[in-house]
$ cat run.txt   # compact mmCIF, C-alpha atoms
# COMPACT_ATOMS: atom_id res chain seq x y z
CA MET K 1 87.45 105.37 69.40
CA LEU K 2 90.84 106.38 68.08
CA ASP K 3 92.30 104.79 64.97
CA VAL K 4 95.96 103.94 65.29
CA ALA K 5 98.24 104.51 62.33
CA ILE K 6 101.98 104.00 62.33
CA GLU K 7 103.98 105.45 59.48
CA LYS K 8 107.59 104.56 58.83
CA ILE K 9 109.73 107.57 58.05
CA GLY K 10 113.28 108.16 56.90
CA LYS K 11 116.19 108.57 59.29
CA GLU K 12 116.54 112.24 58.35
CA GLU K 13 113.06 113.07 59.71
CA THR K 14 112.21 113.64 63.40
CA GLU K 15 110.10 110.92 65.01
CA GLN K 16 106.87 112.18 66.52
CA VAL K 17 103.52 111.08 67.90
CA LEU K 18 100.66 113.14 66.52
CA ILE K 19 97.19 112.76 67.99
CA ARG K 20 94.42 114.14 65.80
CA CYS K 21 91.27 114.62 67.86
CA HIS K 22 88.02 116.58 67.85
CA GLU K 23 88.53 117.78 71.40
CA MET K 24 90.93 117.28 74.33
CA ARG K 25 89.24 114.30 76.00
CA GLU K 26 90.49 112.46 79.07
CA GLU K 27 91.74 109.49 77.04
CA VAL K 28 93.65 111.78 74.70
CA LYS K 29 95.26 113.47 77.66
CA GLU K 30 96.18 110.07 79.14
CA ILE K 31 97.82 108.99 75.88
CA ALA K 32 99.75 112.27 75.67
CA ASP K 33 100.85 111.90 79.31
CA PHE K 34 101.93 108.32 78.64
CA VAL K 35 104.04 109.36 75.65
CA ARG K 36 105.58 112.23 77.61
CA SER K 37 106.39 110.00 80.57
CA ARG K 38 108.01 107.48 78.19
CA GLN K 39 110.13 110.37 76.94
CA GLY K 40 111.00 111.22 80.52
CA SER K 41 108.85 114.30 81.05
CA LEU K 42 105.54 115.16 82.68
CA SER K 43 103.06 117.84 81.76
CA CYS K 44 102.08 120.07 84.69
CA THR K 45 101.09 123.59 85.69
CA LEU K 46 102.40 126.21 88.08
CA GLU K 47 100.52 129.48 88.71
CA GLY K 48 98.50 128.99 85.54
CA ALA K 49 101.50 128.38 83.27
CA GLN K 50 102.08 125.06 81.52
CA TYR K 51 105.41 123.26 82.04
CA GLU K 52 107.10 120.07 80.92
CA ILE K 53 109.32 118.82 83.71
CA ALA K 54 111.78 115.94 83.64
CA VAL K 55 110.60 112.86 85.54
CA ALA K 56 114.10 112.57 87.00
CA ASP K 57 113.66 115.98 88.69
CA VAL K 58 110.55 114.90 90.59
CA TYR K 59 111.19 113.91 94.21
CA TYR K 60 107.70 112.75 95.08
CA ILE K 61 104.10 113.01 93.96
CA GLU K 62 101.24 113.55 96.35
CA SER K 63 97.49 113.51 96.02
CA VAL K 64 95.74 116.06 98.27
CA ASP K 65 91.96 116.44 98.25
CA GLY K 66 91.66 114.98 94.75
CA ARG K 67 94.45 117.14 93.29
CA THR K 68 97.86 115.78 92.33
CA PHE K 69 101.08 117.65 93.04
CA LEU K 70 104.63 117.03 91.82
CA TYR K 71 107.44 118.10 94.15
CA THR K 72 110.84 119.02 92.74
CA GLN K 73 113.87 120.44 94.58
CA GLU K 74 112.32 123.90 94.90
CA LYS K 75 108.91 124.00 93.26
CA THR K 76 105.55 122.30 93.53
CA TYR K 77 103.64 121.72 90.30
CA GLU K 78 100.11 120.46 89.79
CA THR K 79 99.18 117.81 87.24
CA GLY K 80 95.80 116.76 85.92
CA SER K 81 96.76 113.08 86.08
CA ARG K 82 95.52 110.85 88.87
CA LEU K 83 97.95 109.22 91.26
CA TYR K 84 97.12 105.67 90.10
CA GLU K 85 97.71 106.70 86.49
CA LEU K 86 101.11 108.15 87.36
CA GLU K 87 101.90 105.05 89.40
CA GLU K 88 101.46 102.88 86.31
CA LEU K 89 103.22 105.35 84.00
CA LEU K 90 106.21 105.87 86.24
CA ARG K 91 106.82 102.42 87.63
CA ALA K 92 109.59 101.80 85.09
CA LYS K 93 111.10 105.16 86.11
CA ARG K 94 111.69 103.90 89.65
CA PHE K 95 108.68 105.53 91.27
CA GLN K 96 107.01 103.58 94.05
CA ARG K 97 103.80 104.01 96.04
CA ILE K 98 104.62 104.58 99.73
CA SER K 99 101.18 105.45 101.08
CA LYS K 100 97.62 105.88 99.88
CA SER K 101 98.43 109.38 98.69
CA THR K 102 102.13 109.40 97.82
CA LEU K 103 104.53 108.11 95.16
CA VAL K 104 108.26 108.56 95.70
CA ASN K 105 111.17 108.63 93.28
CA LEU K 106 113.50 105.92 94.62
CA MET K 107 116.47 107.72 93.07
CA LYS K 108 115.79 110.76 95.27
CA ILE K 109 115.85 108.99 98.62
CA GLN K 110 118.82 109.86 100.81
CA SER K 111 118.13 107.38 103.60
CA ILE K 112 115.47 105.35 105.36
CA GLN K 113 114.83 105.58 109.11
CA PRO K 114 112.42 103.69 111.33
CA ALA K 115 109.39 105.58 112.61
CA LEU K 116 106.76 104.45 115.08
CA ASN K 117 104.37 101.55 114.49
CA GLY K 118 106.11 99.76 111.62
CA ARG K 119 106.32 102.88 109.51
CA PHE K 120 109.49 104.37 108.04
CA LEU K 121 110.63 107.89 107.40
CA LEU K 122 112.18 108.48 103.99
CA LEU K 123 114.66 111.34 104.03
CA LEU K 124 114.83 112.80 100.52
CA LYS K 125 117.87 114.43 98.94
CA SER K 126 115.96 117.72 99.04
CA GLY K 127 115.86 117.49 102.84
CA GLU K 128 112.12 116.77 102.91
CA LYS K 129 110.75 113.78 104.78
CA VAL K 130 107.91 111.54 103.64
CA ILE K 131 106.28 108.65 105.48
CA LEU K 132 106.39 105.07 104.20
CA SER K 133 103.15 103.57 105.48
CA ARG K 134 103.42 100.11 107.06
CA ASN K 135 100.95 98.71 104.50
CA TYR K 136 103.33 99.60 101.67
CA VAL K 137 106.60 98.46 103.27
CA LYS K 138 106.67 95.05 101.55
CA ALA K 139 105.99 96.52 98.11
CA PHE K 140 108.62 99.19 98.74
CA ARG K 141 111.20 96.57 99.76
CA ASP K 142 110.40 94.53 96.66
CA SER K 143 110.79 97.56 94.41
CA LEU K 144 114.21 98.31 95.91
CA LYS K 145 115.22 94.79 94.94
CA GLY K 146 114.05 95.48 91.41
CA GLU K 147 110.92 93.38 91.78
CA ARG K 148 107.58 94.86 90.76
CA GLY K 149 106.18 96.21 94.01
CA HIS K 150 102.42 96.08 94.35
CA GLU K 151 100.80 97.64 97.38
CA GLY K 152 100.77 95.46 100.46
CA ILE K 153 97.05 95.45 101.19
CA MET A 1 88.37 97.57 105.34
CA LYS A 2 91.49 95.53 104.49
CA GLU A 3 93.54 98.02 106.47
CA PHE A 4 91.32 97.57 109.50
CA LYS A 5 91.60 93.76 109.20
CA GLN A 6 95.38 94.09 109.16
CA PHE A 7 95.12 96.37 112.19
CA LEU A 8 93.07 93.71 114.02
CA VAL A 9 95.65 91.02 113.17
CA ASN A 10 98.36 93.25 114.65
CA LYS A 11 96.27 93.70 117.77
CA MET A 12 95.94 89.91 118.10
CA ILE A 13 99.74 89.62 117.96
CA LEU A 14 100.01 92.37 120.58
CA PHE A 15 97.48 90.53 122.75
CA PHE A 16 99.64 87.38 122.84
CA MET A 17 102.81 89.37 123.48
CA LEU A 18 101.13 91.21 126.35
CA THR A 19 99.76 87.98 127.82
CA THR A 20 103.30 86.62 128.02
CA GLY A 21 104.72 89.89 129.38
CA ILE A 22 102.01 90.22 132.04
CA SER A 23 102.48 86.59 133.17
CA VAL A 24 106.20 87.26 133.66
CA ALA A 25 105.50 90.56 135.46
CA ILE A 26 103.00 88.91 137.83
CA PHE A 27 105.59 86.22 138.58
CA PHE A 28 108.26 88.77 139.56
CA ILE A 29 105.94 91.15 141.45
CA GLY A 30 104.26 88.22 143.23
CA SER A 31 107.61 86.63 144.12
CA ALA A 32 108.84 89.92 145.56
CA PHE A 33 105.80 90.94 147.57
CA ASP A 34 103.70 87.86 148.31
CA LYS A 35 105.66 84.74 147.45
CA ASP A 36 103.61 82.35 149.59
CA ALA A 37 100.30 83.22 147.92
CA ARG A 38 98.32 80.34 146.37
CA PHE A 39 95.67 80.78 143.65
CA GLY A 40 92.91 78.80 142.01
CA TYR A 41 92.65 77.96 138.31
CA ASP A 42 90.81 81.21 137.65
CA ALA A 43 94.10 83.06 138.27
CA LEU A 44 95.43 81.58 135.02
CA LEU A 45 93.02 83.77 133.09
CA VAL A 46 94.18 86.98 134.75
CA PRO A 47 97.07 87.72 132.30
CA ALA A 48 94.79 87.13 129.28
CA LYS A 49 92.07 89.31 130.82
CA TYR A 50 94.61 92.06 131.53
CA ALA A 51 96.07 91.74 128.02
CA PHE A 52 92.62 91.96 126.42
CA LEU A 53 91.68 95.05 128.40
CA CYS A 54 95.10 96.57 127.65
CA VAL A 55 94.69 95.99 123.91
CA LEU A 56 91.41 97.94 123.86
CA PRO A 57 93.07 101.36 124.48
CA THR A 58 95.49 100.69 121.61
CA PHE A 59 92.61 101.30 119.22
CA VAL A 60 93.26 105.04 119.73
CA THR A 61 96.28 104.60 117.42
CA TYR A 62 94.07 103.52 114.49
CA SER A 63 93.47 106.04 111.76
CA ARG A 64 92.28 105.67 108.17
CA ARG A 65 94.50 108.59 107.22
CA GLU A 66 98.26 108.53 107.55
CA LEU A 67 99.17 110.11 110.89
CA SER A 68 102.03 112.59 111.19
CA ILE A 69 104.92 111.58 113.44
CA LYS A 70 103.82 114.13 116.09
CA MET A 71 100.25 112.84 116.07
CA GLN A 72 101.53 109.25 116.25
CA ILE A 73 103.63 110.09 119.31
CA PHE A 74 100.68 111.89 120.93
CA ARG A 75 98.38 108.92 120.35
CA THR A 76 101.02 106.49 121.64
CA LEU A 77 101.34 108.50 124.87
CA LEU A 78 97.55 108.62 125.16
CA GLU A 79 97.53 104.85 124.65
CA LEU A 80 100.06 104.42 127.50
CA LEU A 81 97.95 106.57 129.83
CA LEU A 82 94.81 104.57 129.01
CA VAL A 83 96.63 101.26 129.50
CA GLU A 84 97.93 102.45 132.90
CA ALA A 85 94.39 103.52 133.85
CA VAL A 86 92.93 100.17 132.75
CA VAL A 87 95.56 98.07 134.57
CA LEU A 88 95.38 100.09 137.79
CA GLY A 89 91.58 100.05 137.58
CA ILE A 90 91.58 96.26 137.33
CA ALA A 91 94.15 95.98 140.11
CA PHE A 92 92.08 98.10 142.50
CA ASP A 93 89.06 95.98 141.65
CA SER A 94 90.94 92.69 142.07
CA ASP A 95 91.34 90.54 145.18
CA TYR A 96 94.75 89.28 144.05
CA MET A 97 96.53 92.64 144.28
CA ASP A 98 97.31 94.33 147.58
CA THR A 99 96.65 97.83 146.25
CA GLY A 100 96.53 99.19 149.79
CA ASN A 101 100.30 98.75 149.73
CA ILE A 102 101.65 101.76 147.76
CA SER A 103 104.79 99.79 146.75
CA VAL A 104 102.62 97.22 144.96
CA THR A 105 100.69 99.95 143.12
CA VAL A 106 103.89 101.73 142.06
CA ALA A 107 105.51 98.44 141.01
CA LEU A 108 102.41 97.59 138.96
CA ALA A 109 102.38 101.00 137.24
CA ALA A 110 106.13 100.71 136.60
CA SER A 111 105.81 97.20 135.20
CA VAL A 112 103.12 98.41 132.78
CA LEU A 113 105.49 101.16 131.65
CA VAL A 114 108.37 98.68 131.25
CA ILE A 115 106.26 96.18 129.26
CA PHE A 116 104.83 98.97 127.09
CA ALA A 117 108.30 100.39 126.44
CA ALA A 118 109.74 96.91 125.80
CA VAL A 119 107.08 96.14 123.17
CA TYR A 120 107.79 99.43 121.36
CA LEU A 121 111.54 99.04 121.78
CA PHE A 122 111.44 95.52 120.35
CA ALA A 123 109.45 96.81 117.35
CA TRP A 124 111.86 99.74 116.99
CA PHE A 125 114.94 97.50 116.88
CA LYS A 126 113.24 95.21 114.37
CA ASP A 127 112.40 98.22 112.17
CA ALA A 128 115.90 99.67 112.62
CA ALA A 129 117.43 96.40 111.37
CA GLU A 130 115.02 96.44 108.42
CA ALA A 131 115.93 100.09 107.68
CA VAL A 132 119.66 99.19 107.57
CA GLU A 133 118.90 96.41 105.08
CA MET A 134 116.70 98.69 102.95
CA ASN A 135 119.35 101.44 102.97
CA GLN A 136 121.94 98.97 101.64
CA THR A 137 119.56 97.79 98.90
CA LEU A 138 118.72 101.43 98.06
CA VAL A 139 122.40 102.35 97.62
CA GLU A 140 122.87 99.33 95.33
CA LEU A 141 119.81 100.25 93.26
CA GLN A 142 120.90 103.88 92.89
CA LYS A 143 124.43 102.78 91.86
CA GLN A 144 123.00 100.42 89.22
CA GLU A 145 120.69 103.13 87.83
CA ILE A 146 123.53 105.67 87.61
CA GLN A 147 125.71 103.11 85.78
CA LYS A 148 122.82 102.32 83.41
CA ASN A 149 122.41 106.00 82.52
$ encode --input "run.txt" --output "structure tokens"
Amino acid sequence: MLDVAIEKIGKEETEQVLIRCHEMREEVKEIADFVRSRQGSLSCTLEGAQYEIAVADVYYIESVDGRTFLYTQEKTYETGSRLYELEELLRAKRFQRISKSTLVNLMKIQSIQPALNGRFLLLLKSGEKVILSRNYVKAFRDSLKGERGHEGI
Amino acid sequence: MKEFKQFLVNKMILFFMLTTGISVAIFFIGSAFDKDARFGYDALLVPAKYAFLCVLPTFVTYSRRELSIKMQIFRTLLELLLVEAVVLGIAFDSDYMDTGNISVTVALAASVLVIFAAVYLFAWFKDAAEAVEMNQTLVELQKQEIQKN
């Protein structure tokens, strides 16, 4: 159980969130990720090195075999966060679930094309294509209209 | 499980669309090749029976995982082949169809292809219209976000 303390500081000091913990537990990591995402960045790794990348640079996020990957223009990073956690964290940043395993940054979509069987193909500004599953079409449409889009099924 | 229920609902819709399409196809093929034929009440169930049997092969398109576009196309073609096999199988087994006449068999196979294509084409146009609408909304959203920042 974490105690929460908020201290008011003077304008001349830098605002910060400091978490004092005995060890790096899952809940601590979640809180840190939440704060970072509110600031517009995500903590992730690439070839063993730790990076902070801007949320705005992420094109889409995919979960593959229990691991979560962030795709930017050129690189693919891995994050320890689960897809559902990122979905909640990034909803206000215009990220939307488009299939069981994928979240897309709405600001990075170039165009939407029909695909077979009620699905759609999202062409991203990076040139990549991701599939909008038919079960998530309604939620996706709602999120484009600025409504909170929950998954369709 | 919810996904599978939704899949079943879609198959019900397909069943009713096919029943209508098959009734129309039988009318045109029958009018062209055997317009004086008379049937009993049991003939009324033929389109529904055909539609039901034609819906069964469509289950090859179900997958719990998201299919790639290539795999979706492959399964759709497989579905068409199975539907053709089912319809021709029923026709050869039926007393109503003169399958000894090659023209009737070809017309039947062609009508299956036309109905199958029409169903997919109808869905495609519906999705294309929806994509146009979503693209317009997307452009608006992106403009608003850029102005906000």
$ residues_around --input "run.txt" --residues "Ala37 in chain A" --least-positions-apart "3" --cutoff "12 Å" --atoms "only C-alpha atoms" --output "ChimeraX atom specification"
/A:26-27,29-34,40,43,95-98
$ write_last_selection --input "run.txt" --atoms "C-alpha atoms" --output "short mmCIF file (atom, residue, chain, number, x, y, z; two decimals), keeping the file's coordinate frame"
data_model
loop_
_atom_site.label_atom_id
_atom_site.label_comp_id
_atom_site.auth_asym_id
_atom_site.auth_seq_id
_atom_site.Cartn_x
_atom_site.Cartn_y
_atom_site.Cartn_z
CA ILE A 26 103.00 88.91 137.83
CA PHE A 27 105.59 86.22 138.58
CA ILE A 29 105.94 91.15 141.45
CA GLY A 30 104.26 88.22 143.23
CA SER A 31 107.61 86.63 144.12
CA ALA A 32 108.84 89.92 145.56
CA PHE A 33 105.80 90.94 147.57
CA ASP A 34 103.70 87.86 148.31
CA GLY A 40 92.91 78.80 142.01
CA ALA A 43 94.10 83.06 138.27
CA ASP A 95 91.34 90.54 145.18
CA TYR A 96 94.75 89.28 144.05
CA MET A 97 96.53 92.64 144.28
CA ASP A 98 97.31 94.33 147.58
#
$ interface_residues --input "run.txt" --of "chain A" --to "chain K" --cutoff "10 Å" --atoms "all atoms listed in the file" --output "PyMOL selection string"
chain A and resi 1-3+5-7+61+64-69+72-73+76+120-121+123-143+145-146
$ atom_distance --input "run.txt" --atom1 "CA of Gly48 in chain K" --atom2 "CA of Ile98 in chain K"
28.9 Å
$ closest_residue --input "run.txt" --among "K:Ile53, K:Leu89, K:Leu124, K:Ala5" --to "Val104 in chain K" --atoms "all atoms listed in the file"
K:Leu124
$ atom_distance --input "run.txt" --atom1 "CA of Met12 in chain A" --atom2 "CA of Phe92 in chain A"
26.0 Å
$ residues_around --input "run.txt" --residues "range 25-28 of chain K" --least-positions-apart "6" --cutoff "10 Å" --atoms "all atoms listed in the file" --output "MDAnalysis selection string"
chainID K and resid 1:2 19 34 80:81
$ closest_residue --input "run.txt" --among "K:Leu103, K:Val35, K:Ala139, K:Leu86" --to "Tyr59 in chain K" --atoms "only C-alpha atoms"
K:Leu103
$ atom_distance --input "run.txt" --atom1 "CA of Phe122 in chain A" --atom2 "CA of Thr20 in chain A"
14.3 Å
$ residues_around --input "run.txt" --residues "Arg82 in chain K" --least-positions-apart "5" --cutoff "8 Å" --atoms "all atoms listed in the file" --output "list in words"
Ser63, Arg67 and Thr68 of chain K
$ closest_residue --input "run.txt" --among "A:Lys49, A:Tyr41, A:Asp36, A:Asn101" --to "Thr19 in chain A" --atoms "only C-alpha atoms"
A:Lys49
$ residues_near_point --input "run.txt" --point "(97.2, 98.6, 142.7)" --cutoff "10 Å" --atoms "only C-alpha atoms" --output "ChimeraX atom specification"
/A:87-94,96-109
$ axis_aligned_box --input "run.txt" --around "range 107-114 of chain K" --padding-each-side "5 Å" --output "lines of an AutoDock Vina configuration file"
center_x = 115.6
center_y = 107.2
center_z = 102.2
size_x = 16.4
size_y = 17.1
size_z = 28.3
